[in-house]
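Undergrad: Pasting data_12.cif here (mmCIF, C-alpha atoms):
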data_structure
#
loop_
_atom_site.group_PDB
_atom_site.id
_atom_site.type_symbol
_atom_site.label_atom_id
_atom_site.label_comp_id
_atom_site.auth_asym_id
_atom_site.auth_seq_id
_atom_site.Cartn_x
_atom_site.Cartn_y
_atom_site.Cartn_z
ATOM 1 C CA MET A 76 19.269 42.020 -55.434
ATOM 2 C CA GLU A 77 17.128 38.887 -55.045
ATOM 3 C CA GLY A 78 14.445 40.936 -53.314
ATOM 4 C CA HIS A 79 13.491 42.408 -56.686
ATOM 5 C CA LEU A 80 12.817 38.995 -58.214
ATOM 6 C CA LYS A 81 9.523 37.197 -57.998
ATOM 7 C CA PRO A 82 9.437 33.914 -56.062
ATOM 8 C CA GLY A 83 10.172 31.015 -58.389
ATOM 9 C CA ALA A 84 12.111 33.165 -60.874
ATOM 10 C CA PHE A 85 14.762 31.415 -62.928
ATOM 11 C CA GLY A 86 17.279 32.654 -65.481
ATOM 12 C CA ILE A 87 19.442 31.838 -68.460
ATOM 13 C CA SER A 88 22.951 33.090 -69.261
ATOM 14 C CA LEU A 89 24.393 33.722 -72.724
ATOM 15 C CA VAL A 90 27.751 34.930 -71.336
ATOM 16 C CA LYS A 91 30.796 33.106 -72.716
ATOM 17 C CA GLY A 92 33.535 33.280 -70.102
ATOM 18 C CA ILE A 93 35.002 31.558 -67.054
ATOM 19 C CA HIS A 94 36.657 32.670 -63.842
ATOM 20 C CA GLU A 95 39.536 31.375 -61.734
ATOM 21 C CA SER A 96 38.736 31.296 -58.022
ATOM 22 C CA PRO A 97 41.234 30.422 -56.287
ATOM 23 C CA GLY A 98 42.944 27.819 -58.454
ATOM 24 C CA THR A 99 39.657 26.266 -59.498
ATOM 25 C CA LEU A 100 36.969 26.843 -62.101
ATOM 26 C CA ARG A 101 33.931 29.081 -61.623
ATOM 27 C CA LEU A 102 31.351 29.357 -64.363
ATOM 28 C CA THR A 103 29.628 32.658 -65.044
ATOM 29 C CA SER A 104 26.234 31.036 -64.495
ATOM 30 C CA ASP A 105 27.356 29.867 -61.052
ATOM 31 C CA ILE A 106 28.256 33.444 -60.097
ATOM 32 C CA ILE A 107 24.901 34.760 -61.360
ATOM 33 C CA GLN A 108 23.099 32.004 -59.483
ATOM 34 C CA GLU A 109 24.892 32.922 -56.247
ATOM 35 C CA MET A 110 24.210 36.649 -56.681
ATOM 36 C CA LEU A 111 20.522 36.331 -57.563
ATOM 37 C CA ASP A 112 19.746 33.101 -55.686
ATOM 38 C CA ILE A 113 17.853 31.672 -58.654
ATOM 39 C CA GLU A 114 18.243 28.531 -60.733
ATOM 40 C CA MET A 115 20.291 29.214 -63.877
ATOM 41 C CA SER A 116 20.525 27.619 -67.310
ATOM 42 C CA VAL A 117 22.824 28.518 -70.223
ATOM 43 C CA LEU A 118 22.467 29.020 -73.985
ATOM 44 C CA MET A 119 25.513 28.587 -76.215
ATOM 45 C CA GLY A 120 26.132 27.668 -79.831
ATOM 46 C CA ALA A 121 27.441 28.559 -83.259
ATOM 47 C CA ASN A 122 25.667 31.901 -83.165
ATOM 48 C CA ILE A 123 27.782 34.632 -84.776
ATOM 49 C CA ALA A 124 25.713 37.676 -83.855
ATOM 50 C CA ASN A 125 25.313 39.449 -87.191
ATOM 51 C CA GLU A 126 24.136 36.232 -88.863
ATOM 52 C CA VAL A 127 21.558 35.658 -86.126
ATOM 53 C CA ALA A 128 20.370 39.249 -86.556
ATOM 54 C CA GLU A 129 20.024 38.665 -90.305
ATOM 55 C CA GLU A 130 17.895 35.579 -89.521
ATOM 56 C CA LYS A 131 20.217 33.189 -91.308
ATOM 57 C CA PHE A 132 19.686 29.611 -90.148
ATOM 58 C CA CYS A 133 21.673 28.531 -87.097
ATOM 59 C CA GLU A 134 21.502 26.223 -84.090
ATOM 60 C CA ALA A 135 22.012 26.634 -80.366
ATOM 61 C CA THR A 136 22.231 24.452 -77.280
ATOM 62 C CA ILE A 137 20.415 25.020 -73.997
ATOM 63 C CA GLY A 138 22.146 23.546 -70.962
ATOM 64 C CA CYS A 139 19.460 23.038 -68.352
ATOM 65 C CA THR A 140 19.039 20.560 -65.492
ATOM 66 C CA ASN A 141 15.340 21.364 -65.048
ATOM 67 C CA PRO A 142 13.248 19.913 -67.925
ATOM 68 C CA LYS A 143 10.376 22.356 -67.310
ATOM 69 C CA HIS A 144 12.709 25.337 -67.543
ATOM 70 C CA GLY A 145 14.347 23.905 -70.643
ATOM 71 C CA LYS A 146 10.989 23.584 -72.395
ATOM 72 C CA ILE A 147 10.099 27.185 -71.515
ATOM 73 C CA PHE A 148 13.428 28.524 -72.801
ATOM 74 C CA LYS A 149 13.115 26.542 -76.025
ATOM 75 C CA GLU A 150 9.639 27.965 -76.625
ATOM 76 C CA LEU A 151 10.877 31.464 -75.779
ATOM 77 C CA PHE A 152 13.960 31.566 -78.004
ATOM 78 C CA GLU A 153 13.339 29.159 -80.859
ATOM 79 C CA THR A 154 12.296 30.354 -84.327
ATOM 80 C CA THR A 155 12.276 28.738 -87.766
ATOM 81 C CA ASN A 156 15.862 29.906 -88.309
ATOM 82 C CA PHE A 157 17.121 29.626 -84.716
ATOM 83 C CA ARG A 158 16.743 25.991 -83.723
ATOM 84 C CA MET A 159 17.936 24.492 -80.480
ATOM 85 C CA THR A 160 18.354 21.329 -78.496
ATOM 86 C CA ILE A 161 18.281 20.881 -74.724
ATOM 87 C CA VAL A 162 20.880 18.937 -72.725
ATOM 88 C CA GLU A 163 21.260 18.532 -68.967
ATOM 89 C CA ASP A 164 25.051 18.846 -69.081
ATOM 90 C CA TYR A 165 25.037 22.624 -68.564
ATOM 91 C CA GLU A 166 28.644 22.822 -67.307
ATOM 92 C CA THR A 167 30.016 21.377 -70.547
ATOM 93 C CA VAL A 168 27.725 23.597 -72.628
ATOM 94 C CA GLU A 169 29.006 26.713 -70.878
ATOM 95 C CA LEU A 170 32.629 25.616 -70.801
ATOM 96 C CA CYS A 171 32.662 24.945 -74.549
ATOM 97 C CA GLY A 172 31.349 28.460 -75.132
ATOM 98 C CA ALA A 173 34.374 29.865 -73.315
ATOM 99 C CA LEU A 174 37.182 27.535 -74.382
ATOM 100 C CA LYS A 175 36.435 27.698 -78.105
ATOM 101 C CA ASN A 176 37.525 31.355 -78.051
ATOM 102 C CA ILE A 177 41.016 30.231 -76.998
ATOM 103 C CA VAL A 178 41.292 27.766 -79.871
ATOM 104 C CA ALA A 179 40.033 30.439 -82.281
ATOM 105 C CA LEU A 180 43.039 32.584 -81.361
ATOM 106 C CA GLY A 181 45.252 29.721 -82.484
ATOM 107 C CA ALA A 182 43.305 29.445 -85.738
ATOM 108 C CA GLY A 183 43.871 33.165 -86.297
ATOM 109 C CA PHE A 184 47.621 32.797 -85.769
ATOM 110 C CA ILE A 185 47.621 30.117 -88.476
ATOM 111 C CA ASP A 186 45.804 32.426 -90.885
ATOM 112 C CA GLY A 187 48.149 35.298 -90.097
ATOM 113 C CA LEU A 188 51.220 33.124 -90.633
ATOM 114 C CA GLY A 189 49.931 32.080 -94.051
ATOM 115 C CA HIS A 190 49.411 28.405 -93.332
ATOM 116 C CA GLY A 191 46.512 26.572 -94.914
ATOM 117 C CA ASP A 192 43.334 24.729 -94.025
ATOM 118 C CA ASN A 193 45.203 21.509 -93.180
ATOM 119 C CA THR A 194 47.055 23.320 -90.418
ATOM 120 C CA LYS A 195 43.929 25.048 -89.189
ATOM 121 C CA ALA A 196 42.141 21.692 -89.104
ATOM 122 C CA ALA A 197 44.926 20.360 -86.889
ATOM 123 C CA VAL A 198 44.533 23.350 -84.545
ATOM 124 C CA ILE A 199 40.780 22.746 -84.339
ATOM 125 C CA ARG A 200 41.241 19.011 -83.665
ATOM 126 C CA LEU A 201 44.018 19.336 -81.093
ATOM 127 C CA GLY A 202 42.293 22.305 -79.460
ATOM 128 C CA PHE A 203 39.045 20.334 -79.295
ATOM 129 C CA LEU A 204 40.865 17.487 -77.540
ATOM 130 C CA GLU A 205 42.230 19.937 -74.959
ATOM 131 C CA MET A 206 38.717 21.357 -74.452
ATOM 132 C CA ILE A 207 37.413 17.855 -73.721
ATOM 133 C CA LYS A 208 40.331 17.086 -71.393
ATOM 134 C CA PHE A 209 39.819 20.354 -69.498
ATOM 135 C CA ALA A 210 36.106 19.628 -69.039
ATOM 136 C CA LYS A 211 36.824 16.105 -67.779
ATOM 137 C CA ILE A 212 39.187 17.489 -65.137
ATOM 138 C CA PHE A 213 37.343 20.599 -63.976
ATOM 139 C CA CYS A 214 33.591 20.009 -64.385
ATOM 140 C CA LYS A 215 31.899 19.049 -61.123
ATOM 141 C CA LYS A 216 29.984 16.284 -62.894
ATOM 142 C CA PRO A 217 31.534 14.049 -65.581
ATOM 143 C CA PRO A 218 30.869 15.671 -68.973
ATOM 144 C CA GLN A 219 28.854 13.821 -71.593
ATOM 145 C CA ILE A 220 30.840 13.326 -74.794
ATOM 146 C CA THR A 221 27.650 13.782 -76.808
ATOM 147 C CA THR A 222 27.445 17.374 -75.534
ATOM 148 C CA PHE A 223 30.647 18.198 -77.413
ATOM 149 C CA LEU A 224 28.862 17.163 -80.618
ATOM 150 C CA GLU A 225 26.057 19.675 -80.077
ATOM 151 C CA SER A 226 26.053 23.213 -81.491
ATOM 152 C CA CYS A 227 27.747 24.478 -78.314
ATOM 153 C CA GLY A 228 30.708 22.185 -78.975
ATOM 154 C CA ILE A 229 32.260 21.300 -82.299
ATOM 155 C CA ALA A 230 29.921 23.542 -84.336
ATOM 156 C CA ASP A 231 30.661 26.665 -82.292
ATOM 157 C CA LEU A 232 34.367 25.843 -82.391
ATOM 158 C CA ILE A 233 34.387 25.596 -86.198
ATOM 159 C CA ALA A 234 32.301 28.746 -86.667
ATOM 160 C CA THR A 235 34.521 30.776 -84.348
ATOM 161 C CA CYS A 236 37.754 29.473 -85.886
ATOM 162 C CA TYR A 237 36.580 30.700 -89.283
ATOM 163 C CA GLY A 238 34.381 33.709 -88.551
ATOM 164 C CA GLY A 239 34.822 34.975 -84.997
ATOM 165 C CA ARG A 240 36.406 38.113 -83.583
ATOM 166 C CA SER A 241 39.155 36.200 -81.785
ATOM 167 C CA ARG A 242 40.298 34.639 -85.061
ATOM 168 C CA LYS A 243 40.280 37.994 -86.840
ATOM 169 C CA VAL A 244 42.347 39.812 -84.221
ATOM 170 C CA ALA A 245 44.781 36.909 -83.798
ATOM 171 C CA GLU A 246 45.370 36.907 -87.561
ATOM 172 C CA ALA A 247 46.226 40.623 -87.401
ATOM 173 C CA LEU A 248 48.513 40.030 -84.409
ATOM 174 C CA ALA A 249 50.510 37.440 -86.356
ATOM 175 C CA GLN A 250 50.705 39.755 -89.399
ATOM 176 C CA THR A 251 51.538 43.040 -87.663
ATOM 177 C CA GLY A 252 53.101 42.202 -84.300
ATOM 178 C CA LYS A 253 50.814 44.752 -82.630
ATOM 179 C CA SER A 254 49.374 44.064 -79.178
ATOM 180 C CA ILE A 255 45.907 42.664 -78.533
ATOM 181 C CA GLU A 256 44.906 45.997 -76.989
ATOM 182 C CA GLU A 257 45.985 47.981 -80.058
ATOM 183 C CA LEU A 258 44.175 45.617 -82.407
ATOM 184 C CA GLU A 259 40.993 45.657 -80.348
ATOM 185 C CA LYS A 260 40.857 49.429 -80.781
ATOM 186 C CA GLU A 261 41.638 49.286 -84.491
ATOM 187 C CA ILE A 262 39.469 46.352 -85.516
ATOM 188 C CA LEU A 263 36.677 46.029 -82.961
ATOM 189 C CA ASN A 264 35.723 49.674 -82.336
ATOM 190 C CA GLY A 265 36.199 49.388 -78.596
ATOM 191 C CA GLN A 266 34.787 45.897 -78.149
ATOM 192 C CA LYS A 267 36.825 43.496 -76.031
ATOM 193 C CA LEU A 268 37.869 40.021 -77.112
ATOM 194 C CA GLN A 269 36.734 37.066 -75.038
ATOM 195 C CA GLY A 270 39.651 34.819 -76.009
ATOM 196 C CA PRO A 271 42.549 36.597 -74.245
ATOM 197 C CA ALA A 272 40.610 37.070 -71.008
ATOM 198 C CA THR A 273 39.550 33.422 -71.030
ATOM 199 C CA VAL A 274 43.025 32.077 -71.718
ATOM 200 C CA ARG A 275 44.395 34.150 -68.799
ATOM 201 C CA GLU A 276 41.885 32.558 -66.430
ATOM 202 C CA VAL A 277 42.536 29.082 -67.818
ATOM 203 C CA TYR A 278 46.291 29.528 -67.473
ATOM 204 C CA LYS A 279 45.924 30.604 -63.831
ATOM 205 C CA ILE A 280 43.913 27.455 -63.113
ATOM 206 C CA LEU A 281 46.354 25.159 -64.909
ATOM 207 C CA LYS A 282 49.416 26.754 -63.302
ATOM 208 C CA LYS A 283 48.015 26.460 -59.779
ATOM 209 C CA LYS A 284 47.141 22.813 -60.420
ATOM 210 C CA ASN A 285 50.564 22.129 -62.029
ATOM 211 C CA MET A 286 48.794 20.962 -65.176
ATOM 212 C CA ASP A 287 50.140 23.482 -67.684
ATOM 213 C CA ASP A 288 52.283 20.799 -69.362
ATOM 214 C CA LYS A 289 49.120 18.806 -70.171
ATOM 215 C CA PHE A 290 47.585 21.606 -72.281
ATOM 216 C CA PRO A 291 50.274 22.774 -74.735
ATOM 217 C CA ILE A 292 47.827 24.474 -77.141
ATOM 218 C CA PHE A 293 46.200 26.549 -74.390
ATOM 219 C CA VAL A 294 49.543 27.422 -72.814
ATOM 220 C CA CYS A 295 51.230 28.442 -76.072
ATOM 221 C CA ILE A 296 48.286 30.663 -76.996
ATOM 222 C CA TYR A 297 48.506 32.271 -73.545
ATOM 223 C CA GLN A 298 52.233 32.906 -74.000
ATOM 224 C CA ILE A 299 51.690 34.529 -77.408
ATOM 225 C CA CYS A 300 48.819 36.722 -76.210
ATOM 226 C CA CYS A 301 50.148 37.650 -72.787
ATOM 227 C CA GLU A 302 53.905 37.094 -72.634
ATOM 228 C CA GLY A 303 55.176 38.207 -76.042
ATOM 229 C CA LYS A 304 55.972 34.787 -77.459
ATOM 230 C CA ALA A 305 56.269 34.890 -81.272
ATOM 231 C CA PRO A 306 53.207 33.602 -83.168
ATOM 232 C CA LYS A 307 55.492 31.465 -85.372
ATOM 233 C CA ASP A 308 56.323 29.415 -82.269
ATOM 234 C CA PHE A 309 52.743 28.123 -82.400
ATOM 235 C CA ILE A 310 53.790 25.936 -85.348
ATOM 236 C CA THR A 311 56.494 24.370 -83.184
ATOM 237 C CA CYS A 312 53.842 23.710 -80.543
ATOM 238 C CA LEU A 313 51.746 21.841 -83.118
ATOM 239 C CA GLN A 314 54.741 19.885 -84.422
ATOM 240 C CA ASN A 315 55.647 18.720 -80.913
ATOM 241 C CA HIS A 316 52.144 18.176 -79.520
ATOM 242 C CA PRO A 317 52.190 15.083 -77.267
ATOM 243 C CA HIS A 318 49.095 13.678 -78.975
ATOM 244 C CA HIS A 319 51.351 12.685 -81.879
ATOM 245 C CA LYS A 320 53.660 10.581 -79.695
#
Could you write out this file's structure as structure tokens?

TA:
Amino acid sequence: MEGHLKPGAFGISLVKGIHESPGTLRLTSDIIQEMLDIEMSVLMGANIANEVAEEKFCEATIGCTNPKHGKIFKELFETTNFRMTIVEDYETVELCGALKNIVALGAGFIDGLGHGDNTKAAVIRLGFLEMIKFAKIFCKKPPQITTFLESCGIADLIATCYGGRSRKVAEALAQTGKSIEELEKEILNGQKLQGPATVREVYKILKKKNMDDKFPIFVCIYQICCEGKAPKDFITCLQNHPHHK
């Protein structure tokens, strides 16, 4: 594959997902880098696709360890209505892009159960704390807290918890009791959700590391999506979250 690339080529990934291998974390950009043998950066952010296509103002974050590459990517992608910042902490940038889809499932359950914005705010806050904790444990380099305040972090989390596909399907799951697979076909016209696949990989990692008790939001969402746990049990998870003790 690398034989088709010019010497000095470098790339950028917009893929929001992670992989368990074996019992540890592998980022999508790491896999691409290994396959193509090129230096990779990532672009993540609060970028709901139809709004970007309609040229409504939004932000994005480039995670890039090479300043020259970061400058090139910024010049390539940035427009008046698509503004971006560059940070070196690419692992955290990419991890936020994946983990926020898990939290958005929880936000959707809240909507489907008929709870209000106070409850959804609690899901976003507690889920955000678990995202930060996960990054601190599994990133190869210590994550920068400021990265979580970029578009790839809190902004993308909020946007997805209010407007993303994962939220929409999770709301329908809580209302109808249908499976994720059924709802994907009905609501997404064949598209696949990122949230369920990501939470499966995260759960595998946590289980193998015996850390599942440290991430009650992630684990409860996994159980609802993949093991048939009732969505209403997510409220119990929030009520008993260890952060309140």

Undergrad: In Å, how far is it from atom CA of Lys279 of chain A to atom CA of Val294 of chain A?

TA: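 Value for the atom CA of Lys279 of chain A-atom CA of Val294 of chain A distance: 10.2 Å.
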
Undergrad: List as a list of chain:residue names the protein and nucleic acid residues near Ile185 of chain A, meaning an atom at most 9 Å away when all atoms listed in the file are counted, but skip any in the same chain fewer than 4 places from it.

TA: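 After dropping sequence-adjacent residues, the list is A:Leu180, A:Gly181, A:Gly189, A:His190, A:Gly191, A:Asp192, A:Thr194, A:Lys195, A:Val198, A:Ala245, A:Glu246, A:Ala249, A:Pro306, A:Lys307, A:Phe309, A:Ile310.
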
Undergrad: Enclose segment 273-283 of chain A, meaning all of its atoms listed in the file, in a box aligned along x, y and z, pad it by 4 Å on each side, and list the centre and edge lengths in Å to one decimal, as AutoDock Vina command-line options.

TA:
--center_x 44.5 --center_y 29.7 --center_z -65.7 --size_x 17.9 --size_y 17.0 --size_z 19.9

Undergrad: Smallest atom-to-atom distance to Asn176 of chain A: which of A:Ile113, A:Ile233, A:Met286, A:Leu100, using all atoms listed in the file?

TA: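 That would be A:Ile233, the residue with the smallest distance to Asn176 of chain A.
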
Undergrad: Would you kindly translate the PyMOL selection byres ((chain A and resi 126-139) around 9) into the concrete residues it picks from this file, as number ranges by chain?

TA: A: 87, 115-125, 140-142, 144-145, 148-149, 155-169, 222, 225-228, 230-231

Undergrad: Write out as a VMD selection string the residues lying within 9 Å of Lys284 of chain A, counting only C-alpha atoms and excluding same-chain residues fewer than 3 positions away.

TA: chain A and resid 98 to 99 279 to 281 287

Undergrad: If you count all atoms listed in the file, which residues fall within 7 Å of Phe293 of chain A, apart from same-chain ones fewer than 3 positions away, as JSON, numbers by chain?

TA: {"A": [177, 274, 290, 296, 297]}

Undergrad: Carefully work through the PyMOL selection byres ((chain A and resi 104) around 10) for this structure and note down the residues it includes, as a VMD selection string.

TA: chain A and resid 86 to 93 101 to 103 105 to 110 114 to 117 165 to 166 169

Undergrad: Those same residues, written as a tab-separated table (two decimals), keeping the file's coordinate frame with C-alpha atoms?

TA:
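Below is the file result.tsv, written as the result:
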chain	number	residue	atom	x	y	z
A	86	GLY	CA	17.28	32.65	-65.48
A	87	ILE	CA	19.44	31.84	-68.46
A	88	SER	CA	22.95	33.09	-69.26
A	89	LEU	CA	24.39	33.72	-72.72
A	90	VAL	CA	27.75	34.93	-71.34
A	91	LYS	CA	30.80	33.11	-72.72
A	92	GLY	CA	33.53	33.28	-70.10
A	93	ILE	CA	35.00	31.56	-67.05
A	101	ARG	CA	33.93	29.08	-61.62
A	102	LEU	CA	31.35	29.36	-64.36
A	103	THR	CA	29.63	32.66	-65.04
A	105	ASP	CA	27.36	29.87	-61.05
A	106	ILE	CA	28.26	33.44	-60.10
A	107	ILE	CA	24.90	34.76	-61.36
A	108	GLN	CA	23.10	32.00	-59.48
A	109	GLU	CA	24.89	32.92	-56.25
A	110	MET	CA	24.21	36.65	-56.68
A	114	GLU	CA	18.24	28.53	-60.73
A	115	MET	CA	20.29	29.21	-63.88
A	116	SER	CA	20.52	27.62	-67.31
A	117	VAL	CA	22.82	28.52	-70.22
A	165	TYR	CA	25.04	22.62	-68.56
A	166	GLU	CA	28.64	22.82	-67.31
A	169	GLU	CA	29.01	26.71	-70.88

Undergrad: Report, in Å with one decimal, the straight-line distance from atom CA of Leu80 of chain A to atom CA of Ile147 of chain A.

TA: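 Between these atoms lies a distance of 18.0 Å.
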
Undergrad: Interatomic distance between atom CA of Leu232 of chain A and atom CA of Ala196 of chain A?

TA: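 So the answer is 11.1 Å.
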
Undergrad: Quick one: apply the PyMOL selection byres ((chain A and resi 252) around 12) to the file and drop the selected residues here as a short mmCIF file (atom, residue, chain, number, x, y, z; two decimals) with C-alpha atoms, in the frame of the given file.

TA:
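Okay, result_7.cif is ready:
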data_model
loop_
_atom_site.label_atom_id
_atom_site.label_comp_id
_atom_site.auth_asym_id
_atom_site.auth_seq_id
_atom_site.Cartn_x
_atom_site.Cartn_y
_atom_site.Cartn_z
CA PHE A 184 47.62 32.80 -85.77
CA GLY A 187 48.15 35.30 -90.10
CA LEU A 188 51.22 33.12 -90.63
CA VAL A 244 42.35 39.81 -84.22
CA ALA A 245 44.78 36.91 -83.80
CA GLU A 246 45.37 36.91 -87.56
CA ALA A 247 46.23 40.62 -87.40
CA LEU A 248 48.51 40.03 -84.41
CA ALA A 249 50.51 37.44 -86.36
CA GLN A 250 50.70 39.76 -89.40
CA THR A 251 51.54 43.04 -87.66
CA LYS A 253 50.81 44.75 -82.63
CA SER A 254 49.37 44.06 -79.18
CA ILE A 255 45.91 42.66 -78.53
CA GLU A 256 44.91 46.00 -76.99
CA GLU A 257 45.98 47.98 -80.06
CA LEU A 258 44.18 45.62 -82.41
CA ILE A 299 51.69 34.53 -77.41
CA CYS A 300 48.82 36.72 -76.21
CA GLY A 303 55.18 38.21 -76.04
CA LYS A 304 55.97 34.79 -77.46
CA ALA A 305 56.27 34.89 -81.27
CA PRO A 306 53.21 33.60 -83.17
CA LYS A 307 55.49 31.46 -85.37
#

Undergrad: Smallest atom-to-atom distance to Gly183 of chain A: which of A:Lys208, A:Lys243, A:Lys216, A:Lys146, using all atoms listed in the file?

TA: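 That would be A:Lys243, the residue with the smallest distance to Gly183 of chain A.
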
Undergrad: May I ask which of the residues A:Phe203, A:Ile292, A:Leu263, A:Ala84 is the closest one to Val277 of chain A, counting only C-alpha atoms?

TA: A:Ile292

Undergrad: For Leu313 of chain A, which residue among A:His94, A:Lys260, A:Arg200, A:Lys211 is the nearest when counting all atoms listed in the file?

TA: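 Closest to Leu313 of chain A, using all atoms listed in the file: A:Arg200.
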
Undergrad: Which residue out of A:His316, A:His79, A:Phe209, A:Ser241 has the minimum interatomic distance to Leu268 of chain A when all atoms listed in the file are used?

TA: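 Ranking A:His316, A:His79, A:Phe209, A:Ser241 by distance to Leu268 of chain A, first place goes to A:Ser241.
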